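Q: Supplied in C-alpha cells, the structure appears directly below.
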Amino acid sequence: MPLKHWIRNSVGTISLASKANRNALSVKTLTLLKHQLQQLFADPSVNVIVMQSDVDNVFSSGHDLREIKRLQENRSKGELDKLFRLCSDTMQSIVVGEKPVIAKVDGVATAAGCQLVASCDLAYASDRSTFATPGVNIGLFCSTPGVALGRTIGRKHAMEMLLTGKGITAADAERIGLINRAVSVGGLDAHVNMVAEGIASRSQDAIHHGKPLFYEHMEMRLAEAYDIASINMVNAVIGKECEEGVDAFLEKRKPNWNDPSDKCM
C-alpha cells in the first residue's frame with residue numbers, strides 16, 4: 001500500500017509509504033490520500049491530522065513522472081486533466097477541512113510534494129530536509145504547486161523557487177515561512193507530537209470554526225474580514241465552549257471541553 005494510517009491520542013496520522021517511487025503522488029496514491037483525509041476529517045475521535053513519510057529521507061518526490069510519461073505517449077489529455085484536478089482537489093481538501101493538518105517532513109519534498117507541505121496548516125521539518133519546485137528543469141513550470149506556494153510564502157520567494165527550480169534547505173524554508181520550524185532529525189517526532197497533542201487538547205469547537213474562517217477572511221478586503229471575524233467572535237462568546245473556557249480561566253482550573261455538539265454559528 002502506498003500509505004498507512006493510524007489514530008493515537010486524538011491525532012490521526014497518514015504516512016506515505018511508497019519506497020519504490022519515493023512517495024510519488026500517482027493517481028492511486030492521490031486517490032487513497034484524498035479518501036483517507038475525508039475519513040479522518042469525519043472521524044469524531046480525531047482532532048488533528050499529521051502527514052508524514054514512512055520512507056527514509058523522502059517526504060514526497062511529487063508527481064510520478066513515469067505515469068506522466070505514459071500519459072504523454074498516449075496523448076491522454078483527459079487523463080492528465082483528471083490527474084491534476086485530483087491533485088488540486090486533494091490539496092484543497094486539506095485547506096477547507098475543519099481539522100488542522102500538520103506536515104512532518106524528514107527529507108526531500110519536491111514539486112507536488114512541496115505543494116503538499118505548503119497546503120498543510122502547519123509544517124515542521126528535520127534540518128536535513130530540502131524543498132524544491134524543479135519543474136522548469138524538465139520544461140514544466142510548477143503551476144499547481146505555485147498556487148499553494150504563493151499563498152504560503154511571499155511572492156518573490158515563491159517566484160525564485162518556481163523560476164530557478166533550485167532547492168532550499170529546511171533553515172531557508174523556515175526563514176521564508178514555508179515551514180514553521182526546522183528541528184533536528186532526532187527531535188522531529190517529539191516536537192510534532194507535542195504540537196499535535198497540544199492542539200488536540202484545545203476546544204475543538206473553537207478550532208472547527210476558527211480554521212475555515214481564517215482562510216475565508218484572508219481572501220477578503222480588510223473591512224469585510226473584520227466584519228465576519230467580529231460576528232464569529234460574538235457568536236463564540238455566547239457559546240457553551242467559550243463560557244466553559246472563561247469559567248475555567250477565572251476559577252484557575254483546566255477547561256472541560258465536553259460538549260462538541262454546541263455550535264457557535
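Residues are named by chain letter and number: chains run A, B, ... in the order of the C-alpha cells, numbers start at 1 in each chain, and ligands are numbered from 1 in the order shown.
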Just the alpha helix (DSSP H) stuff from segment 20-169 of chain A, please, per backbone DSSP, written as number ranges by chain.
A: A: 27-42, 65-73, 77-96, 112-119, 143-150, 155-164
Q: What lies within 12 Å of Glu174 of chain A using only C-alpha atoms, ignoring chain neighbours under 3 positions off, as a PyMOL selection string?
A: chain A and resi 118+122-127+129-131+152-153+157+168-171+177-183
Q: Could you tell me which of A:Val48, A:Gly97, A:Asn256, A:Gln115 comes closest to Gly198 of chain A if we count only C-alpha atoms?
A: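 Nearest candidate to Gly198 of chain A out of A:Val48, A:Gly97, A:Asn256, A:Gln115: A:Val48.
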Q: Can you measure atom CA of Ile207 of chain A to atom CA of Gln36 of chain A for me? One decimal in Å is fine.
A: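 Taking atom CA of Ile207 of chain A and atom CA of Gln36 of chain A, their separation equals 20.6 Å.
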Q: Of the candidates A:Ala17, A:Ile102, A:Met91, A:Val136, which one gets nearest to Val55 of chain A if we count only C-alpha atoms?
A: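 So, comparing all the options, the nearest one is A:Ala17.
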Q: In segment 3-208 of chain A, what's strand (DSSP E or B) per DSSP? Answer as a ChimeraX atom specification?
A: /A:3-8,11-16,48-53,58-60,101-105,108-110,122-126,130-132,168-169,181-183
Q: For Val101 of chain A, work out the shell of residues within 6 Å, counting only C-alpha atoms and skipping chain neighbours fewer than 6 positions away, then give it as an MDAnalysis selection string.
A: chainID A and resid 49:50 120:121
Q: Could you tell me which of A:Leu37, A:Met51, A:Ala206, A:Ala24 comes closest to Lys240 of chain A if we count only C-alpha atoms?
A: A:Ala206
Q: Which one of A:Ala103, A:Ile199, A:Val27, A:Val192 sits closest to Ser15 of chain A if you count only C-alpha atoms?
A: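 Nearest to Ser15 of chain A: A:Ala103.
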